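See structure below.
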Amino acid sequence: ALGLADRMAGYAMPDDKGDLGAVPWKDGYKKTKWLSKKQLSQELVLDAKADLVFAGWGYGFNEGDGFTPARLKKLGVDSYLLTESCRNGHEGGGSGGS
């Protein structure tokens, strides 16, 4: 949406979320590498040589496997978390919002 596809190392998105037909910036996805159809991981970030990870807790970061903004910071990778994302994943199944 920001026109930064040429500056992105890649993205992770499950197959069931991959229908981009109605997305206005779908052409940007074609210009960007699909790193994983599963959860984003530290290994993917480092292999892609990313300097920034943009995600939400429920859509990328996971305390259970240690993939957190604090961990990435120790590795020299910045992160940006969506403020409106929900931390509901593996922590009890509730779907609370912010």
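Ligands are numbered from 1 in the order shown, chains are lettered A, B, ... in the order of the structure tokens, and residues start at 1 in each chain.
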For this session: Taking the DSSP assignment computed from this structure's backbone, write out as a VMD selection string all residues of range 2-88 of chain A that belong to strand (DSSP E).
Result: chain A and resid 11 to 12 34 to 36 52 to 55 78 to 81
Exercise. So which residues touch Phe61 in chain A within 9 Å, counting only C-alpha atoms, skipping near sequence neighbours fewer than 4 positions away, as a list in words?
Worked result: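 Here the answer would be Gln39, Leu40, Ser41, Ala55, Gly56, Trp57, Asp65, Gly66, Phe67, Thr68, Pro69 and Leu81 of chain A.
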Exercise. Taking the backbone alone, and naming residues the way the document does, which bits of chain A are alpha helix (DSSP H) by DSSP, as a ChimeraX atom specification?
Worked result: /A:26-30,42-47,69-74
Report as a PDB file with N, CA and C atoms, in the first residue's frame all protein, DNA and RNA residues lying within 10 Å of Leu46 in chain A, evaluated on only C-alpha atoms, omitting residues in the same chain fewer than 2 positions from it.
```pdb
ATOM      1  N   SER A  41       9.523 -16.743  11.151  1.00  0.00           N
ATOM      2  CA  SER A  41      10.485 -17.230  12.147  1.00  0.00           C
ATOM      3  C   SER A  41      11.760 -16.404  12.100  1.00  0.00           C
ATOM      4  N   GLN A  42      12.545 -16.550  13.136  1.00  0.00           N
ATOM      5  CA  GLN A  42      13.829 -15.867  13.212  1.00  0.00           C
ATOM      6  C   GLN A  42      14.717 -16.269  12.029  1.00  0.00           C
ATOM      7  N   GLU A  43      14.724 -17.546  11.700  1.00  0.00           N
ATOM      8  CA  GLU A  43      15.553 -18.032  10.606  1.00  0.00           C
ATOM      9  C   GLU A  43      15.166 -17.374   9.276  1.00  0.00           C
ATOM     10  N   LEU A  44      13.854 -17.262   9.021  1.00  0.00           N
ATOM     11  CA  LEU A  44      13.403 -16.613   7.788  1.00  0.00           C
ATOM     12  C   LEU A  44      13.850 -15.157   7.730  1.00  0.00           C
ATOM     13  N   ALA A  48      16.568 -13.763   5.004  1.00  0.00           N
ATOM     14  CA  ALA A  48      16.139 -12.711   4.082  1.00  0.00           C
ATOM     15  C   ALA A  48      16.941 -11.422   4.257  1.00  0.00           C
ATOM     16  N   LYS A  49      17.781 -11.381   5.292  1.00  0.00           N
ATOM     17  CA  LYS A  49      18.586 -10.188   5.594  1.00  0.00           C
ATOM     18  C   LYS A  49      17.700  -8.964   5.842  1.00  0.00           C
ATOM     19  N   ALA A  50      16.583  -9.205   6.500  1.00  0.00           N
ATOM     20  CA  ALA A  50      15.644  -8.126   6.813  1.00  0.00           C
ATOM     21  C   ALA A  50      16.218  -7.222   7.900  1.00  0.00           C
ATOM     22  N   ASP A  51      15.918  -5.939   7.823  1.00  0.00           N
ATOM     23  CA  ASP A  51      16.340  -5.014   8.872  1.00  0.00           C
ATOM     24  C   ASP A  51      15.154  -4.523   9.695  1.00  0.00           C
ATOM     25  N   LEU A  72      14.644 -10.192  18.333  1.00  0.00           N
ATOM     26  CA  LEU A  72      15.131  -9.620  17.080  1.00  0.00           C
ATOM     27  C   LEU A  72      16.051  -8.433  17.335  1.00  0.00           C
ATOM     28  N   LEU A  75      19.463  -9.286  17.823  1.00  0.00           N
ATOM     29  CA  LEU A  75      20.098  -9.716  16.576  1.00  0.00           C
ATOM     30  C   LEU A  75      20.293  -8.559  15.593  1.00  0.00           C
ATOM     31  N   GLY A  76      19.934  -7.344  16.016  1.00  0.00           N
ATOM     32  CA  GLY A  76      20.111  -6.167  15.175  1.00  0.00           C
ATOM     33  C   GLY A  76      18.989  -5.913  14.187  1.00  0.00           C
ATOM     34  N   VAL A  77      17.815  -6.503  14.442  1.00  0.00           N
ATOM     35  CA  VAL A  77      16.667  -6.326  13.551  1.00  0.00           C
ATOM     36  C   VAL A  77      15.576  -5.565  14.305  1.00  0.00           C
TER      37      VAL A  77
END
```
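If only C-alpha atoms are the atoms counted, then among A:Lys37, A:Gly60, A:Tyr29, A:Lys74 the closest residue to Pro14 in chain A is A:Lys37.
Put simply, CA of Trp25 in chain A is 20.4 Å away from CA of Tyr80 in chain A.
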Exercise. To one decimal place, how far is CA of Ser36 in chain A from CA of Leu52 in chain A in Å?
Worked result: 16.5 Å
Seminar exercise, completed: Among A:Tyr59, A:Asp6, A:Leu20, A:Asp15, Lys33 in chain A is approached most closely, using only C-alpha atoms, by A:Asp6
Problem set entry | Interatomic distance, CA of Asp78 in chain A to CA of Gly28 in chain A (Å, one decimal) | 22.2 Å
